[in-house]
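In what follows, a single structure is set out as structure tokens and then discussed.
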Amino acid sequence: RGLSSEKNTSLIPVTGLKVYWKFNEASGNIANSATAVGSASAVANSDLVVTGATYGVAGLFGNALSFDGVNDVAITSSATITDWNFLNQTGATWSIIMWIKFDQFTSRFWHISTTNGNGGDTGMSIIGSATPADRTIDVSIMSAGADDFSYTSTTPFDNNTTAFQFMAITYNDATGDLKVKINGNTTETSGGHNLTNTNNAEQNIRIGENSDGVLDTAGDYDEYSIWNRVLSEAELVSLYNSGSGLELDSIPINAVDGSIFYETDTNKS
């Protein structure tokens, strides 16, 4: 009768998954699918409200959301701002993963932020570096307008505007380590980035441009996730999947114990 005692675990547990935007919608808000893939940590009311961006362009999987570099933005405007404090307060531990197809490398891009980057602001930001042609990124956490830390990556994106590229950033305040992984390159680690900040984030998450309407992204986003834990190198490699990517709602199962017990009656061999 095939009674099974198999024990299965996901190769990438969704523990700590706060946000998962797939961008498959044809209109309206971009749903946070973290709960749908089994996370108990999803941020409430964190669907993205989209202004200007184009739906339904070809993504890495399904659709992507396209930003044309002029006043396109997506904001978690209904979430509670303090829900994002795990990104910028003392004890912060997080991972941010995204796939992006660039239109060009001539301007800075506002990939994600909970701060506007102005005097008095507090929050985390990931933007294109001050020298766009080098195809790197700046990661910073601000406290009341001063940088708790700011780091410019050394690993560049590929000089490619036809394919989606992988970006993963992890941060652990306990160790002070910030890690950046671009595509399948070796993960770079920068240490000594400890926080003293206990202030609340300045604003809800913004993707595509800051609230001054500058640093507009020109490119397409897909498979965007935010976690309040540091994903391991093995997990990042799995998500990159040799450049093919991996959807969180189709993560393979690892059979830890494959024993299966069968009951038979006395007349069966």
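Scheme for the structure tokens: letters A, B, ... for chains in order shown; per-chain residue numbers from 1; ligand numbers from 1 in order shown.
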Considering only C-alpha atoms, tabulate each residue of region 160-233 of chain A that lies at most 10 Å from region 100-123 of chain A along with its nearest interatomic pair and the corresponding distance in Å to one decimal; arrange the rows by chain and ascending residue number and present them as CSV.
residue,atom,partner,partner_atom,distance
A:Asn160,CA,A:Phe102,CA,7.4
A:Thr161,CA,A:Phe102,CA,5.1
A:Thr162,CA,A:Lys101,CA,6.8
A:Ala163,CA,A:Lys101,CA,5.7
A:Phe164,CA,A:Lys101,CA,4.2
A:Gln165,CA,A:Ile100,CA,5.3
A:Phe166,CA,A:Ile100,CA,6.7
A:Met167,CA,A:Ile100,CA,7.8
A:Asn197,CA,A:Thr122,CA,8.6
A:Thr198,CA,A:Thr122,CA,9.5
A:Asn199,CA,A:Thr122,CA,6.7
A:Asn200,CA,A:Thr122,CA,6.7
A:Ala201,CA,A:Gly123,CA,4.7
A:Glu202,CA,A:Thr122,CA,5.1
A:Gln203,CA,A:Thr114,CA,5.1
A:Asn204,CA,A:Thr114,CA,5.5
A:Ile205,CA,A:Thr114,CA,4.8
A:Arg206,CA,A:Ser113,CA,5.5
A:Ile207,CA,A:Ile112,CA,4.7
A:Gly208,CA,A:Trp110,CA,5.2
A:Glu209,CA,A:Trp110,CA,5.1
A:Asn210,CA,A:Asn116,CA,5.8
A:Ser211,CA,A:Asn116,CA,6.3
A:Asp212,CA,A:Asn116,CA,7.7
A:Val214,CA,A:Trp110,CA,8.3
A:Leu215,CA,A:Phe109,CA,5.2
A:Asp216,CA,A:Phe109,CA,5.6
A:Thr217,CA,A:Phe109,CA,4.5
A:Ala218,CA,A:Asp103,CA,5.4
A:Gly219,CA,A:Phe102,CA,4.4
A:Asp220,CA,A:Lys101,CA,5.1
A:Tyr221,CA,A:Ile100,CA,4.6
A:Asp222,CA,A:Ile100,CA,6.4
A:Glu223,CA,A:Ile100,CA,8.9
A:Tyr224,CA,A:Ile100,CA,9.2
Inset, instruction - Write down as JSON, numbers by chain the residues belonging to region 28-248 of chain A that are assigned strand (DSSP E) by DSSP computed on the backbone. - result: {"A": [49, 50, 51, 54, 55, 56, 57, 58, 63, 64, 65, 66, 67, 68, 73, 74, 75, 93, 94, 95, 96, 97, 98, 99, 100, 101, 102, 110, 111, 112, 113, 123, 124, 125, 126, 127, 128, 137, 138, 139, 140, 141, 142, 143, 146, 147, 148, 149, 150, 151, 152, 165, 166, 167, 168, 169, 170, 171, 172, 177, 178, 179, 180, 181, 182, 188, 189, 190, 206, 207, 218, 219, 220, 221, 222, 223, 224, 225, 226, 227]}
Go ahead and write the selection's residues with C-alpha atoms as a PDB file, in the first residue's frame.
ATOM      1  CA  VAL A  49       2.657  50.152  -6.634  1.00  0.00           C
ATOM      2  CA  VAL A  50       3.916  50.917 -10.140  1.00  0.00           C
ATOM      3  CA  THR A  51       4.059  54.292 -11.881  1.00  0.00           C
ATOM      4  CA  THR A  54       5.952  48.781 -18.628  1.00  0.00           C
ATOM      5  CA  TYR A  55       4.404  45.422 -17.752  1.00  0.00           C
ATOM      6  CA  GLY A  56       4.653  42.186 -19.658  1.00  0.00           C
ATOM      7  CA  VAL A  57       8.120  42.401 -21.212  1.00  0.00           C
ATOM      8  CA  ALA A  58       9.984  39.115 -21.542  1.00  0.00           C
ATOM      9  CA  ASN A  63       7.308  38.501 -17.454  1.00  0.00           C
ATOM     10  CA  ALA A  64       9.540  41.287 -16.181  1.00  0.00           C
ATOM     11  CA  LEU A  65       8.895  44.941 -15.328  1.00  0.00           C
ATOM     12  CA  SER A  66      10.632  47.462 -17.590  1.00  0.00           C
ATOM     13  CA  PHE A  67      11.850  50.919 -16.536  1.00  0.00           C
ATOM     14  CA  ASP A  68      12.625  53.369 -19.363  1.00  0.00           C
ATOM     15  CA  VAL A  73       9.122  53.893 -10.143  1.00  0.00           C
ATOM     16  CA  ALA A  74       7.752  51.058  -7.988  1.00  0.00           C
ATOM     17  CA  ILE A  75       7.035  51.663  -4.284  1.00  0.00           C
ATOM     18  CA  THR A  93      21.071  40.786   8.661  1.00  0.00           C
ATOM     19  CA  TRP A  94      19.829  40.581   5.091  1.00  0.00           C
ATOM     20  CA  SER A  95      20.158  39.372   1.531  1.00  0.00           C
ATOM     21  CA  ILE A  96      18.830  41.124  -1.578  1.00  0.00           C
ATOM     22  CA  ILE A  97      18.693  39.175  -4.836  1.00  0.00           C
ATOM     23  CA  MET A  98      17.632  40.440  -8.252  1.00  0.00           C
ATOM     24  CA  TRP A  99      17.963  39.856 -11.975  1.00  0.00           C
ATOM     25  CA  ILE A 100      18.303  42.906 -14.228  1.00  0.00           C
ATOM     26  CA  LYS A 101      18.683  43.466 -17.953  1.00  0.00           C
ATOM     27  CA  PHE A 102      20.325  46.835 -18.537  1.00  0.00           C
ATOM     28  CA  TRP A 110      18.324  53.446  -8.291  1.00  0.00           C
ATOM     29  CA  HIS A 111      18.066  49.695  -7.725  1.00  0.00           C
ATOM     30  CA  ILE A 112      16.468  49.805  -4.262  1.00  0.00           C
ATOM     31  CA  SER A 113      16.419  52.083  -1.247  1.00  0.00           C
ATOM     32  CA  GLY A 123      18.019  53.740   5.472  1.00  0.00           C
ATOM     33  CA  MET A 124      19.719  51.353   3.054  1.00  0.00           C
ATOM     34  CA  SER A 125      20.419  51.922  -0.626  1.00  0.00           C
ATOM     35  CA  ILE A 126      21.844  50.039  -3.598  1.00  0.00           C
ATOM     36  CA  ILE A 127      22.469  52.219  -6.648  1.00  0.00           C
ATOM     37  CA  GLY A 128      24.676  52.240  -9.730  1.00  0.00           C
ATOM     38  CA  ILE A 137      27.271  49.334  -7.576  1.00  0.00           C
ATOM     39  CA  ASP A 138      27.323  51.434  -4.416  1.00  0.00           C
ATOM     40  CA  VAL A 139      25.857  49.936  -1.242  1.00  0.00           C
ATOM     41  CA  SER A 140      25.302  52.164   1.790  1.00  0.00           C
ATOM     42  CA  ILE A 141      23.454  52.422   5.064  1.00  0.00           C
ATOM     43  CA  MET A 142      22.765  55.920   6.360  1.00  0.00           C
ATOM     44  CA  SER A 143      21.891  57.109   9.846  1.00  0.00           C
ATOM     45  CA  ALA A 146      25.629  60.285   7.761  1.00  0.00           C
ATOM     46  CA  ASP A 147      26.993  57.078   6.259  1.00  0.00           C
ATOM     47  CA  ASP A 148      27.236  54.215   8.729  1.00  0.00           C
ATOM     48  CA  PHE A 149      29.076  52.669   5.810  1.00  0.00           C
ATOM     49  CA  SER A 150      29.351  53.034   2.067  1.00  0.00           C
ATOM     50  CA  TYR A 151      30.972  50.518  -0.249  1.00  0.00           C
ATOM     51  CA  THR A 152      31.600  50.430  -3.999  1.00  0.00           C
ATOM     52  CA  GLN A 165      22.295  39.556 -15.102  1.00  0.00           C
ATOM     53  CA  PHE A 166      22.378  38.356 -11.493  1.00  0.00           C
ATOM     54  CA  MET A 167      23.047  40.574  -8.481  1.00  0.00           C
ATOM     55  CA  ALA A 168      23.165  39.339  -4.882  1.00  0.00           C
ATOM     56  CA  ILE A 169      24.126  41.455  -1.867  1.00  0.00           C
ATOM     57  CA  THR A 170      24.274  40.103   1.687  1.00  0.00           C
ATOM     58  CA  TYR A 171      25.032  41.949   4.915  1.00  0.00           C
ATOM     59  CA  ASN A 172      25.636  40.821   8.493  1.00  0.00           C
ATOM     60  CA  ASP A 177      30.690  41.656   6.409  1.00  0.00           C
ATOM     61  CA  LEU A 178      29.103  42.925   3.216  1.00  0.00           C
ATOM     62  CA  LYS A 179      29.206  40.489   0.290  1.00  0.00           C
ATOM     63  CA  VAL A 180      28.486  41.153  -3.372  1.00  0.00           C
ATOM     64  CA  LYS A 181      28.022  38.517  -6.052  1.00  0.00           C
ATOM     65  CA  ILE A 182      27.632  39.559  -9.692  1.00  0.00           C
ATOM     66  CA  GLU A 188      33.649  39.678  -2.980  1.00  0.00           C
ATOM     67  CA  THR A 189      33.676  40.352   0.767  1.00  0.00           C
ATOM     68  CA  SER A 190      34.250  43.684   2.473  1.00  0.00           C
ATOM     69  CA  ARG A 206      11.580  52.516  -3.814  1.00  0.00           C
ATOM     70  CA  ILE A 207      12.816  50.854  -6.996  1.00  0.00           C
ATOM     71  CA  ALA A 218      16.779  52.054 -17.598  1.00  0.00           C
ATOM     72  CA  GLY A 219      16.316  48.309 -17.673  1.00  0.00           C
ATOM     73  CA  ASP A 220      14.119  45.343 -16.752  1.00  0.00           C
ATOM     74  CA  TYR A 221      13.801  43.643 -13.333  1.00  0.00           C
ATOM     75  CA  ASP A 222      12.785  40.053 -12.621  1.00  0.00           C
ATOM     76  CA  GLU A 223      12.887  37.536  -9.736  1.00  0.00           C
ATOM     77  CA  TYR A 224      13.498  40.068  -6.955  1.00  0.00           C
ATOM     78  CA  SER A 225      13.748  38.840  -3.360  1.00  0.00           C
ATOM     79  CA  ILE A 226      14.621  40.299   0.050  1.00  0.00           C
ATOM     80  CA  TRP A 227      15.523  38.162   3.065  1.00  0.00           C
TER      81      TRP A 227
END
Inset, instruction - Quick one: pick out all helix (DSSP H, G or I) residues within region 28-199 of chain A from a backbone DSSP run and write them as JSON, numbers by chain. - result: {"A": [35, 36, 37, 81, 82, 83, 84, 85, 86, 87, 132, 133, 134]}
Write the selection just made, keeping C-alpha atoms, as a PDB file, in the first residue's frame?
ATOM      1  CA  THR A  35       3.749  33.779   1.583  1.00  0.00           C
ATOM      2  CA  ALA A  36       2.698  31.820  -1.506  1.00  0.00           C
ATOM      3  CA  VAL A  37       6.060  30.019  -1.607  1.00  0.00           C
ATOM      4  CA  ILE A  81       7.994  51.843   7.020  1.00  0.00           C
ATOM      5  CA  THR A  82       9.386  50.335  10.223  1.00  0.00           C
ATOM      6  CA  ASP A  83       8.980  46.886   8.645  1.00  0.00           C
ATOM      7  CA  TRP A  84      12.190  47.676   6.723  1.00  0.00           C
ATOM      8  CA  ASN A  85      14.297  48.477   9.796  1.00  0.00           C
ATOM      9  CA  PHE A  86      15.959  45.056   9.539  1.00  0.00           C
ATOM     10  CA  LEU A  87      17.856  46.554   6.584  1.00  0.00           C
ATOM     11  CA  PRO A 132      28.348  54.212 -14.510  1.00  0.00           C
ATOM     12  CA  ALA A 133      30.742  53.027 -17.190  1.00  0.00           C
ATOM     13  CA  ASP A 134      32.539  50.812 -14.679  1.00  0.00           C
TER      14      ASP A 134
END
Inset, instruction - Extract, using only C-alpha atoms, all DNA, RNA and protein residues at most 9 Å from Ala31 (chain A), discarding same-chain residues fewer than 5 positions from it, and format them as a list in words. - result: Tyr20, Trp21, Lys22, Phe23, Asn24, Glu25, Ser46, Asp47 and Leu48 of chain A
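When the distance limit is 7 Å and only C-alpha atoms are what count, the residues near region 240-247 of chain A, minus those fewer than 4 positions from it on the same chain, are Phe166, Asn183, Gly184, Leu236 and Ile251 of chain A.
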How would the residues just chosen look if you wrote them out with C-alpha atoms as a short mmCIF file (atom, residue, chain, number, x, y, z; two decimals), in the first residue's frame?
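So selection14.cif came out as:
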data_model
loop_
_atom_site.label_atom_id
_atom_site.label_comp_id
_atom_site.auth_asym_id
_atom_site.auth_seq_id
_atom_site.Cartn_x
_atom_site.Cartn_y
_atom_site.Cartn_z
CA PHE A 166 22.38 38.36 -11.49
CA ASN A 183 26.65 36.75 -12.07
CA GLY A 184 28.82 33.67 -11.54
CA LEU A 236 23.52 32.00 -4.10
CA ILE A 251 13.05 25.07 -5.92
#
Inset, instruction - Give me, please, the distance in Å between CA of Thr136 (chain A) and CA of Ser153 (chain A), quoted to one decimal. - result: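 A separation of 5.7 Å between them.
From CA of Ser39 (chain A) back to CA of Leu239 (chain A), the distance works out to 16.8 Å.
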Inset, instruction - Give me the residues within 9 Å of Thr15 (chain A) as a list in words, counting only C-alpha atoms and dropping any in the same chain fewer than 4 places off. - result: Gly38, Ser39, Ala40, Ser41, Trp227, Asn228 and Arg229 of chain A
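A straight line drawn from CA of Thr196 (chain A) to CA of Thr80 (chain A) is 22.4 Å long.
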Skipping near chain neighbours, those fewer than 6 positions away, what residues fall within 10 Å of Glu235 (chain A) using only C-alpha atoms, listed as a tab-separated table (two decimals) with C-alpha atoms, in the first residue's frame?
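Now in result-v5.tsv:
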chain	number	residue	atom	x	y	z
A	11	LEU	CA	17.63	23.01	-1.16
A	12	ILE	CA	16.98	26.70	-0.43
A	13	PRO	CA	14.74	27.11	2.63
A	241	ASN	CA	22.06	28.33	-11.57
